[in-house]
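Enquirer: Please see the structure below; I have some questions.
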Amino acid sequence: MLRPLLTLIVAGGAAWFGYDALRDGNLAVPGAPTAGIEQDAAPVEAAPQEAAEAPAGEMTGDPAREFRRALGGASEQARELFKLGEKKSRNVPDILNQQRKMGDRLAEIDALIASGSLPPELQPAIDAYTSGSADVREAISDAQAGFTHLDWDRVKRATEQLGRGLESLSNAAALAGN
């Protein structure tokens, strides 16, 4: 009974105090002095790890090599997301960011598979990926629903399912030769 009430209070307070402006990056409070605050600060550069990664969908010309690279990246991304679940992180913005990255990686692999340009010897890896990606997608959906309803048992089950998906993605990467 207390959690729904607390959620309602927090949500109402966020709306009252202009959460949309904060979410959109507009941290200025109307009427507040802005002396000493740079309004046009330079954009923040991407983290070195993210900058080193090839953007999703950028091909090198060898679909099998791209598939292996993307599969290894998806496996690592699933591992990062699984770690957040294991430590019972409640950092929703970080979790949503990791889930978005996971979705981007899965979409990249889906596009490679749909292109029909992968060699037949990668079929066992494709099959393992298909199973793992289904588990990962369902786990992400269930975790989001669990967070929305403050259903931590559902989030726990989603984390377990994500672990199964991670295992399948890791197996797919191994089958592909990573």
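Just remember, in the structure tokens the first chain shown is A, the second B, etc., residues are 1-based per chain, and ligands are 1-based in the order shown.
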Identify, on the basis of only C-alpha atoms, every residue whose closest approach to Phe67 in chain A does not exceed 9 Å; exclude the query and any residue fewer than 2 positions from it along the same chain; express the result as a ChimeraX atom specification.
Expert: /A:62-65,69-72,108-109,112-113,118,176
Enquirer: Please produce a file of those selected residues containing N, CA and C atoms, as a CSV table (one decimal), in the first residue's frame.
Expert:
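Output contents, as saved in part_15.csv:
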chain,number,residue,atom,x,y,z
A,62,ASP,N,32.4,-7.6,-45.2
A,62,ASP,CA,32.4,-9.1,-45.0
A,62,ASP,C,31.3,-9.4,-43.9
A,63,PRO,N,30.1,-9.8,-44.4
A,63,PRO,CA,29.0,-10.1,-43.5
A,63,PRO,C,29.3,-11.1,-42.4
A,64,ALA,N,30.1,-12.1,-42.7
A,64,ALA,CA,30.4,-13.1,-41.7
A,64,ALA,C,31.2,-12.4,-40.6
A,65,ARG,N,32.2,-11.6,-41.0
A,65,ARG,CA,33.0,-10.9,-40.0
A,65,ARG,C,32.2,-9.9,-39.2
A,69,ARG,N,31.5,-10.0,-35.1
A,69,ARG,CA,31.8,-8.8,-34.3
A,69,ARG,C,30.5,-8.4,-33.5
A,70,ALA,N,29.4,-8.3,-34.3
A,70,ALA,CA,28.2,-7.9,-33.6
A,70,ALA,C,27.7,-8.9,-32.6
A,71,LEU,N,27.9,-10.1,-32.8
A,71,LEU,CA,27.5,-11.2,-31.9
A,71,LEU,C,28.3,-11.1,-30.6
A,72,GLY,N,29.6,-10.9,-30.8
A,72,GLY,CA,30.5,-10.7,-29.6
A,72,GLY,C,30.1,-9.5,-28.8
A,108,GLU,N,21.0,-4.9,-35.1
A,108,GLU,CA,22.1,-5.0,-36.1
A,108,GLU,C,22.3,-6.4,-36.6
A,109,ILE,N,22.2,-7.3,-35.6
A,109,ILE,CA,22.4,-8.7,-36.0
A,109,ILE,C,21.2,-9.2,-36.8
A,112,LEU,N,21.7,-8.3,-40.3
A,112,LEU,CA,22.7,-9.1,-41.0
A,112,LEU,C,22.1,-10.5,-41.4
A,113,ILE,N,21.3,-11.0,-40.5
A,113,ILE,CA,20.7,-12.3,-40.8
A,113,ILE,C,19.6,-12.2,-41.9
A,118,LEU,N,24.9,-14.3,-45.0
A,118,LEU,CA,25.8,-15.1,-44.1
A,118,LEU,C,26.0,-16.5,-44.7
A,176,ALA,N,30.2,-19.2,-33.6
A,176,ALA,CA,30.6,-18.3,-34.8
A,176,ALA,C,32.1,-18.2,-34.9
Enquirer: My list of candidates is A:Asn91, A:Met102, A:Ile126, A:Asp110. Which is closest to Phe147 in chain A when distances are computed with only C-alpha atoms?
Expert: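 That would be A:Asn91, the residue with the smallest distance to Phe147 in chain A.
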Enquirer: Fewer than 2 positions away in the same chain doesn't count, so skip those; otherwise give me all residues within 9 Å of Ala143 in chain A, counting only C-alpha atoms, as a PyMOL selection string.
Expert: chain A and resi 138-141+145-148+151-152+154-159
Enquirer: Do you know which residues are at most 9 Å from range 164-169 of chain A counting only C-alpha atoms, after dropping those on the same chain fewer than 5 positions away, and could you put them as a list in words?
Expert: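 Counting only C-alpha atoms, the residues come to Leu71, Gly72, Ala74, Ser75, Glu76, Ala78, Arg79, Phe82, Ala125, Ala128, Tyr129, Thr130, Ser131, Gly132, Ser133, Ala134, Asp135, Val136, Arg137, Ala139, Thr159 and Ala174 of chain A.
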Enquirer: Write the selection just made, keeping C-alpha atoms, as a PDB file, in the first residue's frame?
Expert:
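Once written, part18.pdb looks like this:
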ATOM      1  CA  LEU A  71      27.500 -11.180 -31.895  1.00  0.00           C
ATOM      2  CA  GLY A  72      30.477 -10.682 -29.587  1.00  0.00           C
ATOM      3  CA  ALA A  74      25.722  -8.381 -28.117  1.00  0.00           C
ATOM      4  CA  SER A  75      27.065 -11.031 -25.776  1.00  0.00           C
ATOM      5  CA  GLU A  76      29.080  -8.421 -23.877  1.00  0.00           C
ATOM      6  CA  ALA A  78      23.878  -8.772 -22.388  1.00  0.00           C
ATOM      7  CA  ARG A  79      26.545  -9.487 -19.754  1.00  0.00           C
ATOM      8  CA  PHE A  82      22.765  -9.077 -16.523  1.00  0.00           C
ATOM      9  CA  ALA A 125      25.376 -19.733 -34.426  1.00  0.00           C
ATOM     10  CA  ALA A 128      21.655 -20.101 -30.936  1.00  0.00           C
ATOM     11  CA  TYR A 129      21.418 -16.334 -31.459  1.00  0.00           C
ATOM     12  CA  THR A 130      17.720 -16.572 -32.381  1.00  0.00           C
ATOM     13  CA  SER A 131      16.956 -18.432 -29.164  1.00  0.00           C
ATOM     14  CA  GLY A 132      19.083 -16.115 -27.035  1.00  0.00           C
ATOM     15  CA  SER A 133      17.763 -12.903 -28.574  1.00  0.00           C
ATOM     16  CA  ALA A 134      14.174 -14.021 -27.946  1.00  0.00           C
ATOM     17  CA  ASP A 135      14.999 -14.618 -24.265  1.00  0.00           C
ATOM     18  CA  VAL A 136      16.790 -11.269 -24.001  1.00  0.00           C
ATOM     19  CA  ARG A 137      13.938  -9.340 -25.619  1.00  0.00           C
ATOM     20  CA  ALA A 139      13.465 -10.411 -20.318  1.00  0.00           C
ATOM     21  CA  THR A 159      16.993 -11.304 -14.746  1.00  0.00           C
ATOM     22  CA  ALA A 174      31.495 -19.390 -29.589  1.00  0.00           C
TER      23      ALA A 174
END
Enquirer: Take CA of Ala173 in chain A and CA of Pro124 in chain A and report the distance between them in Å, one decimal.
Expert: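 CA of Pro124 in chain A lies 10.2 Å from CA of Ala173 in chain A.
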Enquirer: Please, which residues of range 37-164 of chain A, numbered as in this document, come out helix (DSSP H, G or I) from DSSP, as a ChimeraX atom specification?
Expert: /A:48-52,63-86,92-114,120-148,152-164
Enquirer: Now that the selection is made, can you save its residues with C-alpha atoms as a short mmCIF file (atom, residue, chain, number, x, y, z; two decimals), in the first residue's frame?
Expert:
data_model
loop_
_atom_site.label_atom_id
_atom_site.label_comp_id
_atom_site.auth_asym_id
_atom_site.auth_seq_id
_atom_site.Cartn_x
_atom_site.Cartn_y
_atom_site.Cartn_z
CA PRO A 48 36.45 6.11 -25.35
CA GLN A 49 34.89 2.63 -25.28
CA GLU A 50 31.79 3.78 -27.14
CA ALA A 51 33.78 5.85 -29.62
CA ALA A 52 35.94 2.84 -30.50
CA PRO A 63 29.00 -10.07 -43.54
CA ALA A 64 30.40 -13.08 -41.66
CA ARG A 65 33.02 -10.91 -39.97
CA GLU A 66 30.38 -8.29 -39.12
CA PHE A 67 28.12 -11.00 -37.71
CA ARG A 68 30.91 -12.31 -35.48
CA ARG A 69 31.80 -8.79 -34.31
CA ALA A 70 28.17 -7.87 -33.64
CA LEU A 71 27.50 -11.18 -31.89
CA GLY A 72 30.48 -10.68 -29.59
CA GLY A 73 29.25 -7.16 -28.83
CA ALA A 74 25.72 -8.38 -28.12
CA SER A 75 27.06 -11.03 -25.78
CA GLU A 76 29.08 -8.42 -23.88
CA GLN A 77 26.12 -6.02 -23.76
CA ALA A 78 23.88 -8.77 -22.39
CA ARG A 79 26.54 -9.49 -19.75
CA GLU A 80 26.54 -5.82 -18.67
CA LEU A 81 22.76 -5.79 -18.45
CA PHE A 82 22.77 -9.08 -16.52
CA LYS A 83 25.26 -7.64 -14.01
CA LEU A 84 22.85 -4.79 -13.30
CA GLY A 85 20.09 -7.31 -12.67
CA GLU A 86 22.27 -9.48 -10.45
CA VAL A 92 16.41 3.00 -13.97
CA PRO A 93 18.08 5.50 -16.36
CA ASP A 94 21.21 3.32 -16.53
CA ILE A 95 19.16 0.17 -16.99
CA LEU A 96 17.08 1.79 -19.75
CA ASN A 97 20.27 2.97 -21.47
CA GLN A 98 21.75 -0.54 -21.33
CA GLN A 99 18.48 -2.00 -22.62
CA ARG A 100 18.49 0.47 -25.52
CA LYS A 101 22.05 -0.48 -26.41
CA MET A 102 21.10 -4.16 -26.23
CA GLY A 103 18.16 -3.57 -28.56
CA ASP A 104 20.43 -1.72 -31.02
CA ARG A 105 22.89 -4.62 -31.07
CA LEU A 106 20.15 -7.18 -31.58
CA ALA A 107 18.67 -5.10 -34.41
CA GLU A 108 22.08 -4.96 -36.09
CA ILE A 109 22.39 -8.75 -35.98
CA ASP A 110 18.80 -9.21 -37.15
CA ALA A 111 19.60 -7.04 -40.19
CA LEU A 112 22.67 -9.13 -40.98
CA ILE A 113 20.66 -12.34 -40.78
CA ALA A 114 17.81 -10.87 -42.85
CA PRO A 120 25.69 -21.61 -44.25
CA GLU A 121 28.39 -22.67 -41.76
CA LEU A 122 27.12 -19.93 -39.42
CA GLN A 123 23.64 -21.51 -39.19
CA PRO A 124 24.28 -23.14 -35.76
CA ALA A 125 25.38 -19.73 -34.43
CA ILE A 126 22.32 -18.09 -36.01
CA ASP A 127 20.04 -20.66 -34.36
CA ALA A 128 21.65 -20.10 -30.94
CA TYR A 129 21.42 -16.33 -31.46
CA THR A 130 17.72 -16.57 -32.38
CA SER A 131 16.96 -18.43 -29.16
CA GLY A 132 19.08 -16.12 -27.03
CA SER A 133 17.76 -12.90 -28.57
CA ALA A 134 14.17 -14.02 -27.95
CA ASP A 135 15.00 -14.62 -24.27
CA VAL A 136 16.79 -11.27 -24.00
CA ARG A 137 13.94 -9.34 -25.62
CA GLU A 138 11.33 -11.00 -23.42
CA ALA A 139 13.46 -10.41 -20.32
CA ILE A 140 13.81 -6.71 -21.16
CA SER A 141 10.06 -6.40 -21.66
CA ASP A 142 9.31 -8.22 -18.40
CA ALA A 143 11.87 -6.18 -16.46
CA GLN A 144 10.34 -2.94 -17.72
CA ALA A 145 6.88 -4.14 -16.70
CA GLY A 146 8.26 -5.20 -13.32
CA PHE A 147 9.78 -1.77 -12.73
CA THR A 148 6.57 -0.06 -13.81
CA TRP A 152 10.56 -6.99 -7.90
CA ASP A 153 9.77 -10.72 -8.22
CA ARG A 154 9.01 -10.13 -11.89
CA VAL A 155 12.25 -8.22 -12.28
CA LYS A 156 14.07 -11.15 -10.64
CA ARG A 157 12.46 -13.63 -13.04
CA ALA A 158 13.38 -11.34 -15.94
CA THR A 159 16.99 -11.30 -14.75
CA GLU A 160 17.01 -15.10 -14.66
CA GLN A 161 15.63 -15.20 -18.19
CA LEU A 162 18.23 -12.65 -19.27
CA GLY A 163 20.86 -15.02 -17.87
CA ARG A 164 19.53 -17.79 -20.12
#
